[in-house]
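K.L.:
My structure is stored as work-v9.cif, with mmCIF, C-alpha atoms.
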```cif
data_start
loop_
_atom_site.group_PDB
_atom_site.id
_atom_site.type_symbol
_atom_site.label_atom_id
_atom_site.label_comp_id
_atom_site.auth_asym_id
_atom_site.auth_seq_id
_atom_site.Cartn_x
_atom_site.Cartn_y
_atom_site.Cartn_z
ATOM 1 C CA MET A 1 -18.321 -27.653 1.748
ATOM 2 C CA THR A 2 -15.773 -28.786 -0.826
ATOM 3 C CA VAL A 3 -16.355 -31.671 -3.219
ATOM 4 C CA GLN A 4 -14.128 -33.838 -1.016
ATOM 5 C CA ASP A 5 -16.096 -32.876 2.104
ATOM 6 C CA ARG A 6 -19.353 -33.914 0.441
ATOM 7 C CA ILE A 7 -17.909 -37.202 -0.781
ATOM 8 C CA SER A 8 -16.544 -38.017 2.689
ATOM 9 C CA GLY A 9 -19.908 -37.289 4.295
ATOM 10 C CA SER A 10 -22.002 -39.207 1.766
ATOM 11 C CA TYR A 11 -19.739 -42.062 0.667
ATOM 12 C CA ALA A 12 -21.306 -44.722 2.886
ATOM 13 C CA ASP A 13 -24.761 -44.039 1.415
ATOM 14 C CA LEU A 14 -23.718 -44.188 -2.254
ATOM 15 C CA SER A 15 -24.387 -47.149 -4.556
ATOM 16 C CA ASP A 16 -21.443 -49.189 -5.829
ATOM 17 C CA LYS A 17 -21.408 -47.372 -9.181
ATOM 18 C CA LEU A 18 -21.570 -43.966 -7.546
ATOM 19 C CA ARG A 19 -18.733 -44.947 -5.185
ATOM 20 C CA VAL A 20 -16.529 -45.732 -8.190
ATOM 21 C CA ALA A 21 -17.313 -42.312 -9.650
ATOM 22 C CA ALA A 22 -16.794 -40.606 -6.262
ATOM 23 C CA LYS A 23 -13.417 -42.282 -5.838
ATOM 24 C CA PHE A 24 -12.334 -41.020 -9.254
ATOM 25 C CA VAL A 25 -13.481 -37.484 -8.415
ATOM 26 C CA SER A 26 -11.560 -37.539 -5.110
ATOM 27 C CA GLU A 27 -8.370 -38.953 -6.598
ATOM 28 C CA ASN A 28 -8.331 -36.847 -9.768
ATOM 29 C CA PRO A 29 -9.426 -33.309 -8.851
ATOM 30 C CA ALA A 30 -7.332 -31.714 -11.598
ATOM 31 C CA GLU A 31 -8.946 -33.864 -14.301
ATOM 32 C CA ILE A 32 -12.429 -33.080 -13.015
ATOM 33 C CA ALA A 33 -11.627 -29.380 -12.962
ATOM 34 C CA THR A 34 -10.031 -29.131 -16.403
ATOM 35 C CA ARG A 35 -11.541 -31.799 -18.648
ATOM 36 C CA SER A 36 -14.994 -32.263 -20.178
ATOM 37 C CA LEU A 37 -17.480 -34.765 -18.799
ATOM 38 C CA ARG A 38 -17.095 -36.949 -21.892
ATOM 39 C CA SER A 39 -13.311 -36.973 -21.519
ATOM 40 C CA VAL A 40 -13.552 -37.784 -17.793
ATOM 41 C CA ALA A 41 -15.962 -40.625 -18.556
ATOM 42 C CA GLN A 42 -13.578 -42.121 -21.117
ATOM 43 C CA SER A 43 -10.632 -41.850 -18.739
ATOM 44 C CA SER A 44 -12.446 -43.335 -15.746
ATOM 45 C CA GLY A 45 -14.565 -45.980 -17.461
ATOM 46 C CA VAL A 46 -17.637 -44.538 -15.731
ATOM 47 C CA SER A 47 -20.572 -43.318 -17.808
ATOM 48 C CA PRO A 48 -21.397 -39.590 -18.006
ATOM 49 C CA ALA A 49 -24.853 -40.367 -16.592
ATOM 50 C CA THR A 50 -23.249 -41.871 -13.467
ATOM 51 C CA PHE A 51 -21.207 -38.718 -12.866
ATOM 52 C CA SER A 52 -24.370 -36.651 -13.283
ATOM 53 C CA ARG A 53 -26.181 -38.834 -10.732
ATOM 54 C CA LEU A 54 -23.232 -38.502 -8.372
ATOM 55 C CA ALA A 55 -23.390 -34.712 -8.609
ATOM 56 C CA ARG A 56 -27.055 -34.707 -7.621
ATOM 57 C CA ALA A 57 -26.440 -37.251 -4.842
ATOM 58 C CA LEU A 58 -23.820 -34.884 -3.404
ATOM 59 C CA GLY A 59 -26.257 -31.982 -3.418
ATOM 60 C CA TYR A 60 -25.157 -30.203 -6.598
ATOM 61 C CA ARG A 61 -27.576 -28.905 -9.205
ATOM 62 C CA ASP A 62 -25.723 -30.788 -11.944
ATOM 63 C CA TYR A 63 -22.271 -32.042 -12.895
ATOM 64 C CA GLU A 64 -21.158 -28.621 -14.110
ATOM 65 C CA GLN A 65 -21.700 -27.160 -10.654
ATOM 66 C CA LEU A 66 -19.630 -29.975 -9.146
ATOM 67 C CA ARG A 67 -16.921 -29.328 -11.751
ATOM 68 C CA GLU A 68 -16.863 -25.590 -11.019
ATOM 69 C CA GLU A 69 -16.541 -26.201 -7.284
ATOM 70 C CA GLY A 70 -13.685 -28.594 -7.966
ATOM 71 C CA ARG A 71 -12.008 -26.019 -10.191
ATOM 72 C CA LEU A 72 -11.992 -23.456 -7.398
ATOM 73 C CA VAL A 73 -10.469 -25.953 -4.966
ATOM 74 C CA VAL A 74 -7.730 -26.952 -7.425
ATOM 75 C CA GLU A 75 -7.020 -23.304 -8.210
ATOM 76 C CA ARG A 76 -6.561 -22.572 -4.529
ATOM 77 C CA GLN A 77 -4.342 -25.599 -3.955
ATOM 78 C CA MET A 78 -2.161 -24.872 -6.972
ATOM 79 C CA SER A 79 -1.739 -21.143 -6.586
ATOM 80 C CA PRO A 80 1.527 -20.158 -4.892
ATOM 81 C CA PHE A 81 1.475 -18.659 -1.389
ATOM 82 C CA SER A 82 2.810 -15.409 -2.863
ATOM 83 C CA GLU A 83 -0.159 -15.170 -5.224
ATOM 84 C CA ARG A 84 -2.605 -15.858 -2.404
ATOM 85 C CA ALA A 85 -0.881 -13.225 -0.264
ATOM 86 C CA ALA A 86 -1.221 -10.670 -3.058
ATOM 87 C CA LYS A 87 -4.942 -11.381 -3.359
ATOM 88 C CA LEU A 88 -5.319 -11.101 0.413
ATOM 89 C CA ARG A 89 -3.505 -7.760 0.480
ATOM 90 C CA ALA A 90 -5.755 -6.420 -2.267
ATOM 91 C CA GLN A 91 -8.837 -7.577 -0.390
ATOM 92 C CA ALA A 92 -7.570 -6.243 2.935
ATOM 93 C CA GLY A 93 -7.250 -2.800 1.377
ATOM 94 C CA LYS A 94 -11.004 -2.785 0.827
ATOM 95 C CA GLU A 95 -11.980 -3.996 4.289
ATOM 96 C CA GLN A 96 -11.515 -2.972 7.877
ATOM 97 C CA GLY A 97 -9.705 -5.209 10.369
ATOM 98 C CA ARG A 98 -13.020 -6.148 11.942
ATOM 99 C CA ALA A 99 -14.273 -7.639 8.665
ATOM 100 C CA LEU A 100 -11.080 -9.632 8.220
ATOM 101 C CA LEU A 101 -11.442 -10.970 11.762
ATOM 102 C CA GLU A 102 -15.045 -11.968 11.096
ATOM 103 C CA HIS A 103 -14.118 -13.781 7.872
ATOM 104 C CA GLN A 104 -11.261 -15.691 9.503
ATOM 105 C CA SER A 105 -13.358 -16.559 12.562
ATOM 106 C CA ALA A 106 -16.241 -17.779 10.402
ATOM 107 C CA ALA A 107 -13.896 -20.027 8.410
ATOM 108 C CA CYS A 108 -12.380 -21.507 11.574
ATOM 109 C CA ILE A 109 -15.788 -22.105 13.149
ATOM 110 C CA ALA A 110 -16.988 -23.792 9.948
ATOM 111 C CA ASN A 111 -13.920 -26.046 9.955
ATOM 112 C CA VAL A 112 -14.530 -27.065 13.562
ATOM 113 C CA GLU A 113 -18.203 -27.750 12.831
ATOM 114 C CA LYS A 114 -17.200 -29.995 9.914
ATOM 115 C CA LEU A 115 -14.836 -31.866 12.210
ATOM 116 C CA VAL A 116 -17.521 -32.439 14.838
ATOM 117 C CA ALA A 117 -20.027 -33.561 12.214
ATOM 118 C CA SER A 118 -17.721 -35.869 10.272
ATOM 119 C CA VAL A 119 -15.262 -37.450 12.697
ATOM 120 C CA ASN A 120 -15.859 -41.141 13.369
ATOM 121 C CA ARG A 121 -15.949 -41.478 17.158
ATOM 122 C CA ASP A 122 -15.202 -45.205 17.101
ATOM 123 C CA ALA A 123 -12.229 -44.653 14.774
ATOM 124 C CA LEU A 124 -10.972 -41.912 17.091
ATOM 125 C CA GLU A 125 -11.239 -44.244 20.094
ATOM 126 C CA ARG A 126 -9.290 -46.941 18.244
ATOM 127 C CA ALA A 127 -6.544 -44.509 17.252
ATOM 128 C CA VAL A 128 -6.234 -43.166 20.807
ATOM 129 C CA ARG A 129 -6.052 -46.692 22.198
ATOM 130 C CA GLN A 130 -3.288 -47.545 19.714
ATOM 131 C CA ILE A 131 -1.328 -44.445 20.745
ATOM 132 C CA ASP A 132 -1.852 -45.150 24.432
ATOM 133 C CA GLU A 133 -0.623 -48.753 24.161
ATOM 134 C CA ALA A 134 2.391 -47.987 21.946
ATOM 135 C CA LYS A 135 5.917 -48.649 23.142
ATOM 136 C CA THR A 136 7.060 -45.426 21.485
ATOM 137 C CA VAL A 137 5.097 -42.610 19.836
ATOM 138 C CA LEU A 138 6.969 -40.676 17.156
ATOM 139 C CA LEU A 139 5.475 -37.354 15.978
ATOM 140 C CA VAL A 140 6.237 -36.208 12.427
ATOM 141 C CA GLY A 141 5.369 -32.941 10.678
ATOM 142 C CA SER A 142 7.087 -30.566 8.270
ATOM 143 C CA MET A 143 6.655 -27.040 6.926
ATOM 144 C CA GLY A 144 3.554 -25.422 8.446
ATOM 145 C CA SER A 145 2.795 -28.565 10.454
ATOM 146 C CA ALA A 146 6.147 -28.552 12.259
ATOM 147 C CA GLY A 147 5.145 -26.072 14.964
ATOM 148 C CA VAL A 148 1.816 -27.816 15.561
ATOM 149 C CA ILE A 149 3.622 -31.150 15.971
ATOM 150 C CA ASP A 150 5.940 -29.482 18.503
ATOM 151 C CA TYR A 151 2.874 -28.337 20.441
ATOM 152 C CA LEU A 152 1.422 -31.867 20.367
ATOM 153 C CA GLY A 153 4.727 -33.196 21.681
ATOM 154 C CA TYR A 154 4.760 -30.557 24.420
ATOM 155 C CA MET A 155 1.287 -31.608 25.584
ATOM 156 C CA GLY A 156 2.018 -35.334 25.434
ATOM 157 C CA GLN A 157 5.338 -35.190 27.249
ATOM 158 C CA TRP A 158 3.651 -33.825 30.353
ATOM 159 C CA PHE A 159 2.337 -37.305 31.117
ATOM 160 C CA LYS A 160 3.920 -39.633 28.517
ATOM 161 C CA GLN A 161 7.629 -40.375 28.661
ATOM 162 C CA ASN A 162 7.669 -42.394 25.442
ATOM 163 C CA TRP A 163 6.792 -39.547 23.046
ATOM 164 C CA LYS A 164 9.392 -38.099 20.673
ATOM 165 C CA VAL A 165 9.181 -35.351 18.057
ATOM 166 C CA ALA A 166 11.089 -36.412 14.927
ATOM 167 C CA GLY A 167 14.074 -34.319 13.918
ATOM 168 C CA ARG A 168 13.714 -31.675 11.252
ATOM 169 C CA ASN A 169 16.744 -32.668 9.156
ATOM 170 C CA GLY A 170 16.909 -35.781 7.017
ATOM 171 C CA ILE A 171 19.782 -37.440 8.887
ATOM 172 C CA GLU A 172 18.120 -37.144 12.300
ATOM 173 C CA LEU A 173 14.744 -38.264 10.939
ATOM 174 C CA SER A 174 16.328 -41.296 9.245
ATOM 175 C CA ALA A 175 18.185 -42.230 12.432
ATOM 176 C CA THR A 176 14.991 -41.974 14.465
ATOM 177 C CA LEU A 177 13.011 -44.089 12.012
ATOM 178 C CA SER A 178 15.705 -46.762 12.056
ATOM 179 C CA TRP A 179 14.671 -47.879 15.549
ATOM 180 C CA ILE A 180 10.907 -47.601 15.000
ATOM 181 C CA ASN A 181 9.432 -51.089 15.004
ATOM 182 C CA GLU A 182 6.372 -53.225 15.592
ATOM 183 C CA GLY A 183 4.516 -52.003 18.656
ATOM 184 C CA ASP A 184 5.386 -48.356 17.955
ATOM 185 C CA VAL A 185 3.101 -45.656 16.544
ATOM 186 C CA VAL A 186 3.991 -42.777 14.216
ATOM 187 C CA VAL A 187 1.626 -39.797 14.195
ATOM 188 C CA GLY A 188 1.928 -37.735 11.019
ATOM 189 C CA LEU A 189 0.430 -34.288 10.387
ATOM 190 C CA VAL A 190 0.318 -33.645 6.628
ATOM 191 C CA LYS A 191 -1.364 -30.621 5.051
ATOM 192 C CA ALA A 192 -1.183 -29.258 1.490
ATOM 193 C CA PRO A 193 1.286 -28.716 -0.087
ATOM 194 C CA TYR A 194 2.109 -32.203 1.236
ATOM 195 C CA ALA A 195 5.649 -32.510 2.567
ATOM 196 C CA ARG A 196 7.447 -35.325 0.790
ATOM 197 C CA ARG A 197 9.580 -36.028 3.883
ATOM 198 C CA THR A 198 6.563 -36.656 6.110
ATOM 199 C CA VAL A 199 4.899 -38.948 3.576
ATOM 200 C CA ALA A 200 8.154 -40.893 3.166
ATOM 201 C CA ALA A 201 8.488 -41.184 6.955
ATOM 202 C CA LEU A 202 4.993 -42.681 7.230
ATOM 203 C CA LYS A 203 5.798 -45.229 4.509
ATOM 204 C CA ALA A 204 9.069 -46.141 6.226
ATOM 205 C CA ALA A 205 7.251 -46.592 9.538
ATOM 206 C CA GLN A 206 4.732 -48.991 8.000
ATOM 207 C CA ASP A 207 7.514 -50.876 6.249
ATOM 208 C CA ARG A 208 9.105 -51.456 9.662
ATOM 209 C CA GLY A 209 5.856 -52.770 11.151
ATOM 210 C CA ALA A 210 4.802 -49.677 13.100
ATOM 211 C CA LYS A 211 1.231 -48.362 13.085
ATOM 212 C CA THR A 212 0.476 -44.914 11.742
ATOM 213 C CA VAL A 213 -2.053 -42.225 12.609
ATOM 214 C CA VAL A 214 -2.388 -39.663 9.811
ATOM 215 C CA ILE A 215 -4.129 -36.299 10.102
ATOM 216 C CA SER A 216 -4.555 -34.589 6.739
ATOM 217 C CA ASP A 217 -6.869 -32.216 4.885
ATOM 218 C CA SER A 218 -8.177 -34.118 1.854
ATOM 219 C CA PRO A 219 -9.205 -37.625 0.762
ATOM 220 C CA THR A 220 -6.622 -37.235 -2.014
ATOM 221 C CA SER A 221 -3.713 -36.642 0.390
ATOM 222 C CA PRO A 222 -0.769 -38.866 -0.598
ATOM 223 C CA ALA A 223 -0.171 -39.672 3.072
ATOM 224 C CA LEU A 224 -3.449 -41.575 3.474
ATOM 225 C CA GLN A 225 -2.137 -44.616 1.588
ATOM 226 C CA PHE A 226 0.244 -45.174 4.519
ATOM 227 C CA ALA A 227 -2.346 -44.686 7.282
ATOM 228 C CA ASN A 228 -3.656 -47.311 9.702
ATOM 229 C CA HIS A 229 -5.837 -44.626 11.262
ATOM 230 C CA SER A 230 -6.712 -41.476 9.334
ATOM 231 C CA PHE A 231 -8.596 -38.259 9.986
ATOM 232 C CA ILE A 232 -9.421 -35.582 7.422
ATOM 233 C CA VAL A 233 -9.734 -32.122 8.952
ATOM 234 C CA ALA A 234 -10.884 -29.048 7.018
ATOM 235 C CA THR A 235 -8.372 -26.208 6.711
ATOM 236 C CA GLN A 236 -10.330 -23.644 4.670
ATOM 237 C CA SER A 237 -9.280 -20.051 5.261
ATOM 238 C CA PRO A 238 -9.706 -16.664 3.576
ATOM 239 C CA GLN A 239 -6.000 -16.122 4.250
ATOM 240 C CA PHE A 240 -3.114 -17.294 2.053
ATOM 241 C CA PHE A 241 -2.317 -20.078 4.536
ATOM 242 C CA SER A 242 -4.303 -23.110 5.669
ATOM 243 C CA SER A 243 -6.075 -22.869 9.003
ATOM 244 C CA TYR A 244 -4.989 -25.274 11.747
ATOM 245 C CA ALA A 245 -7.790 -24.273 14.134
ATOM 246 C CA ALA A 246 -9.863 -27.446 13.683
ATOM 247 C CA THR A 247 -6.698 -29.578 13.686
ATOM 248 C CA LEU A 248 -5.772 -28.155 17.093
ATOM 249 C CA VAL A 249 -9.240 -29.048 18.377
ATOM 250 C CA LEU A 250 -8.690 -32.659 17.268
ATOM 251 C CA LEU A 251 -5.168 -32.866 18.737
ATOM 252 C CA GLU A 252 -6.233 -31.368 22.066
ATOM 253 C CA THR A 253 -9.163 -33.818 22.148
ATOM 254 C CA ILE A 254 -6.751 -36.717 21.610
ATOM 255 C CA ILE A 255 -4.634 -35.475 24.518
ATOM 256 C CA SER A 256 -7.717 -35.226 26.748
ATOM 257 C CA MET A 257 -8.741 -38.776 25.813
ATOM 258 C CA LEU A 258 -5.240 -40.052 26.604
ATOM 259 C CA ILE A 259 -5.256 -38.338 30.013
ATOM 260 C CA ALA A 260 -8.658 -39.880 30.769
ATOM 261 C CA ARG A 261 -7.311 -43.327 29.862
ATOM 262 C CA ALA A 262 -4.192 -42.847 31.991
ATOM 263 C CA GLY A 263 -6.201 -41.924 35.090
ATOM 264 C CA PRO A 264 -4.328 -41.123 38.335
ATOM 265 C CA ASP A 265 -0.953 -42.024 36.796
ATOM 266 C CA ALA A 266 -1.234 -39.041 34.446
ATOM 267 C CA GLU A 267 -2.035 -36.755 37.364
ATOM 268 C CA GLU A 268 1.039 -37.949 39.242
ATOM 269 C CA GLN A 269 3.319 -37.406 36.254
ATOM 270 C CA ILE A 270 1.909 -33.953 35.574
ATOM 271 C CA ARG A 271 2.312 -33.037 39.242
ATOM 272 C CA ALA A 272 5.915 -34.251 39.191
ATOM 273 C CA ALA A 273 6.601 -32.197 36.055
ATOM 274 C CA GLU A 274 5.123 -29.110 37.714
ATOM 275 C CA GLN A 275 7.361 -29.591 40.744
ATOM 276 C CA THR A 276 10.434 -29.940 38.545
ATOM 277 C CA ILE A 277 9.537 -26.773 36.641
ATOM 278 C CA GLU A 278 9.133 -24.937 39.930
ATOM 279 C CA ARG A 279 12.541 -26.139 41.181
ATOM 280 C CA LEU A 280 14.181 -25.035 37.959
ATOM 281 C CA GLY A 281 12.519 -21.625 38.217
ATOM 282 C CA GLU A 282 11.061 -21.888 34.723
ATOM 283 C CA ASN A 283 7.845 -20.074 35.557
ATOM 284 C CA TRP A 284 7.933 -16.309 35.909
ATOM 285 C CA THR A 285 6.253 -15.055 39.056
ATOM 286 C CA PRO A 286 5.730 -11.389 39.982
#
```
How does the structure come out when it is put into structure tokens?
P.N.:
Amino acid sequence: MTVQDRISGSYADLSDKLRVAAKFVSENPAEIATRSLRSVAQSSGVSPATFSRLARALGYRDYEQLREEGRLVVERQMSPFSERAAKLRAQAGKEQGRALLEHQSAACIANVEKLVASVNRDALERAVRQIDEAKTVLLVGSMGSAGVIDYLGYMGQWFKQNWKVAGRNGIELSATLSWINEGDVVVGLVKAPYARRTVAALKAAQDRGAKTVVISDSPTSPALQFANHSFIVATQSPQFFSSYAATLVLLETIISMLIARAGPDAEEQIRAAEQTIERLGENWTP
């Protein structure tokens, strides 16, 4: 588990002083990773002893272990994809394909287990209800998240006619956001390195009175400040890219919950879509 994972899982049980320290750790990972405890204490206004108590409360041996874990996370986030790819290639040369498969599978399974253990079921129900009752649902995602957002739109449009995937270029996105209003919902998928366009779209949606559902990968994600409903999903991977496996589990769960809420109406719309696909000859049959 990363420092952020531990803070998310333990935050509700921390004292007020430890929460202040935990918030600083979450929001300033680079400072924690690169500066001394005394320097961090001066910058945050929190005593060194409080940071030491926080480390133990989060399950670390001491503050230095917390700091080292944070350093590894920051190093991974800051290193370019090309550098990560080079490290992966060097490692792959030492291992067989089976070992690489096992490492990737283990990381994905761990991410899904974190999701199951940490997701707030009541918060998920509230977010799904907000999406279900929205006049329009706009889906936003850039860079690596773009294809996953397309998949979410594909699933939703089988039984929801008011879903739209936001355009990839700035002009189309701006035009789409211009008619978003109160009663609408914008779903944003934002993973590191956080796409400025997606974060700006979420802010614009809130400014226009729409509600937002944000799925990200860290408590320090810049998108969370513009979230009415937020979910943090682990993306750890031995590869140079982030893993979307656990994110797909969450998105497919949301779709299942929406279908359950829609009841027979969803079945009728899906059946109608199937009939249209058959008439158009979209499906290949031997």
K.L.:
Nearest residue to Ile255 (chain A) out of A:Glu27, A:Glu113, A:Glu68, A:Glu125, using only C-alpha atoms?
P.N.:
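Nearest candidate to Ile255 (chain A) out of A:Glu27, A:Glu113, A:Glu68, A:Glu125: A:Glu125.
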K.L.:
Which residue, A:Leu173, A:Leu224, A:Cys108, A:Leu258, has the smallest gap to Ser243 (chain A) when you use only C-alpha atoms?
P.N.:
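Smallest separation from Ser243 (chain A) among the options: A:Cys108.
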K.L.:
Which value, in Å to one decimal, gives the distance between CA of Phe51 (chain A) and CA of Lys191 (chain A)?
P.N.:
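Answer for the CA of Phe51 (chain A) to CA of Lys191 (chain A) separation: 27.9 Å.
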K.L.:
As a check of understanding, name the residues that the PyMOL selection byres ((chain A and resi 37-41) around 10) selects in the supplied structure, as a VMD selection string.
P.N.:
chain A and resid 21 24 to 25 28 31 to 36 42 to 52 63 to 64 67
K.L.:
Choose the residue, out of A:Met155, A:Leu251, A:Leu124, A:Ile232, that has the smallest atom-to-atom separation from Ile215 (chain A); count only C-alpha atoms.
P.N.:
A:Ile232
K.L.:
Which is closest to Lys17 (chain A) among A:Arg61, A:Arg53, A:His229, A:Lys203, if we use all atoms listed in the file?
P.N.:
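Between A:Arg61, A:Arg53, A:His229, A:Lys203, the residue approaching Lys17 (chain A) most closely is A:Arg53.
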K.L.:
Assuming the chain letters and numbering stay as they are in my file, what does the PyMOL selection byres ((chain A and resi 59) around 12) actually select? List them as a list of chain:residue names.
P.N.:
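For this structure, the PyMOL selection byres ((chain A and resi 59) around 12) resolves to A:Met1, A:Thr2, A:Val3, A:Asp5, A:Arg6, A:Ile7, A:Gly9, A:Ser10, A:Ser52, A:Arg53, A:Leu54, A:Ala55, A:Arg56, A:Ala57, A:Leu58, A:Tyr60, A:Arg61, A:Asp62, A:Tyr63, A:Gln65, A:Leu66, A:Glu69.
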K.L.:
Just the residues within 8 Å of Gly188 (chain A), please, counting only C-alpha atoms, with nothing from its chain fewer than 5 positions along; format it as a list of chain:residue names.
P.N.:
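Listed by chain and then number, they are A:Leu139, A:Val140, A:Gly141, A:Thr198, A:Leu202, A:Thr212, A:Val213, A:Val214, A:Ile215.
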K.L.:
Between A:Asn111, A:Thr176, A:Ala262, A:Tyr244, which is the closest to Lys160 (chain A) once you count all atoms listed in the file?
P.N.:
A:Ala262
K.L.:
Pick out the closest residue to Leu248 (chain A) from this set: A:Gln225, A:Thr136, A:Thr235, A:Ser26. Count only C-alpha atoms.
P.N.:
A:Thr235
K.L.:
Can you tell me, as an MDAnalysis selection string, what residues are no more than 10 Å from Ala245 (chain A) when counting all atoms listed in the file, ignoring any on the same chain fewer than 6 positions away?
P.N.:
chainID A and resid 105 107:109 111:112 233:237
K.L.:
Let me see the file: selected residues, C-alpha atoms, as an mmCIF file, keeping the file's coordinate frame.
P.N.:
```cif
data_model
loop_
_atom_site.group_PDB
_atom_site.id
_atom_site.type_symbol
_atom_site.label_atom_id
_atom_site.label_comp_id
_atom_site.auth_asym_id
_atom_site.auth_seq_id
_atom_site.Cartn_x
_atom_site.Cartn_y
_atom_site.Cartn_z
ATOM 1 C CA SER A 105 -13.358 -16.559 12.562
ATOM 2 C CA ALA A 107 -13.896 -20.027 8.410
ATOM 3 C CA CYS A 108 -12.380 -21.507 11.574
ATOM 4 C CA ILE A 109 -15.788 -22.105 13.149
ATOM 5 C CA ASN A 111 -13.920 -26.046 9.955
ATOM 6 C CA VAL A 112 -14.530 -27.065 13.562
ATOM 7 C CA VAL A 233 -9.734 -32.122 8.952
ATOM 8 C CA ALA A 234 -10.884 -29.048 7.018
ATOM 9 C CA THR A 235 -8.372 -26.208 6.711
ATOM 10 C CA GLN A 236 -10.330 -23.644 4.670
ATOM 11 C CA SER A 237 -9.280 -20.051 5.261
#
```
K.L.:
CA of Arg19 (chain A) to CA of Arg196 (chain A): how many Å, to one decimal?
P.N.:
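Here the two named atoms are 28.5 Å from each other.
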K.L.:
So how far away is CA of Ser118 (chain A) from CA of Val185 (chain A), in Å?
P.N.:
23.8 Å
K.L.:
Give me, as a PyMOL selection string, all polymer residues having an atom no more than 8 Å from Val199 (chain A), counting only C-alpha atoms and skipping those fewer than 2 positions away in the same chain.
P.N.:
chain A and resi 190+194-197+201-203+222-223+226
K.L.:
Around (16.4, -45.2, 8.3) in the file's frame, which residues reach within 12 Å when counting only C-alpha atoms? Return as a PDB file with C-alpha atoms, in the coordinates of the input?
P.N.:
```pdb
ATOM      1  CA  GLY A 170      16.909 -35.781   7.017  1.00  0.00           C
ATOM      2  CA  ILE A 171      19.782 -37.440   8.887  1.00  0.00           C
ATOM      3  CA  GLU A 172      18.120 -37.144  12.300  1.00  0.00           C
ATOM      4  CA  LEU A 173      14.744 -38.264  10.939  1.00  0.00           C
ATOM      5  CA  SER A 174      16.328 -41.296   9.245  1.00  0.00           C
ATOM      6  CA  ALA A 175      18.185 -42.230  12.432  1.00  0.00           C
ATOM      7  CA  THR A 176      14.991 -41.974  14.465  1.00  0.00           C
ATOM      8  CA  LEU A 177      13.011 -44.089  12.012  1.00  0.00           C
ATOM      9  CA  SER A 178      15.705 -46.762  12.056  1.00  0.00           C
ATOM     10  CA  TRP A 179      14.671 -47.879  15.549  1.00  0.00           C
ATOM     11  CA  ILE A 180      10.907 -47.601  15.000  1.00  0.00           C
ATOM     12  CA  ASN A 181       9.432 -51.089  15.004  1.00  0.00           C
ATOM     13  CA  ALA A 200       8.154 -40.893   3.166  1.00  0.00           C
ATOM     14  CA  ALA A 201       8.488 -41.184   6.955  1.00  0.00           C
ATOM     15  CA  LEU A 202       4.993 -42.681   7.230  1.00  0.00           C
ATOM     16  CA  LYS A 203       5.798 -45.229   4.509  1.00  0.00           C
ATOM     17  CA  ALA A 204       9.069 -46.141   6.226  1.00  0.00           C
ATOM     18  CA  ALA A 205       7.251 -46.592   9.538  1.00  0.00           C
ATOM     19  CA  ASP A 207       7.514 -50.876   6.249  1.00  0.00           C
ATOM     20  CA  ARG A 208       9.105 -51.456   9.662  1.00  0.00           C
TER      21      ARG A 208
END
```
K.L.:
Take every atom of region 1-11 of chain A listed in the file, pad by 5 Å on each side, and give me the axis-aligned box centre and edge lengths in Å, one decimal, as JSON.
P.N.:
```
{"center_x": -18.1, "center_y": -34.9, "center_z": 0.5, "size_x": 17.9, "size_y": 24.4, "size_z": 17.5}
```
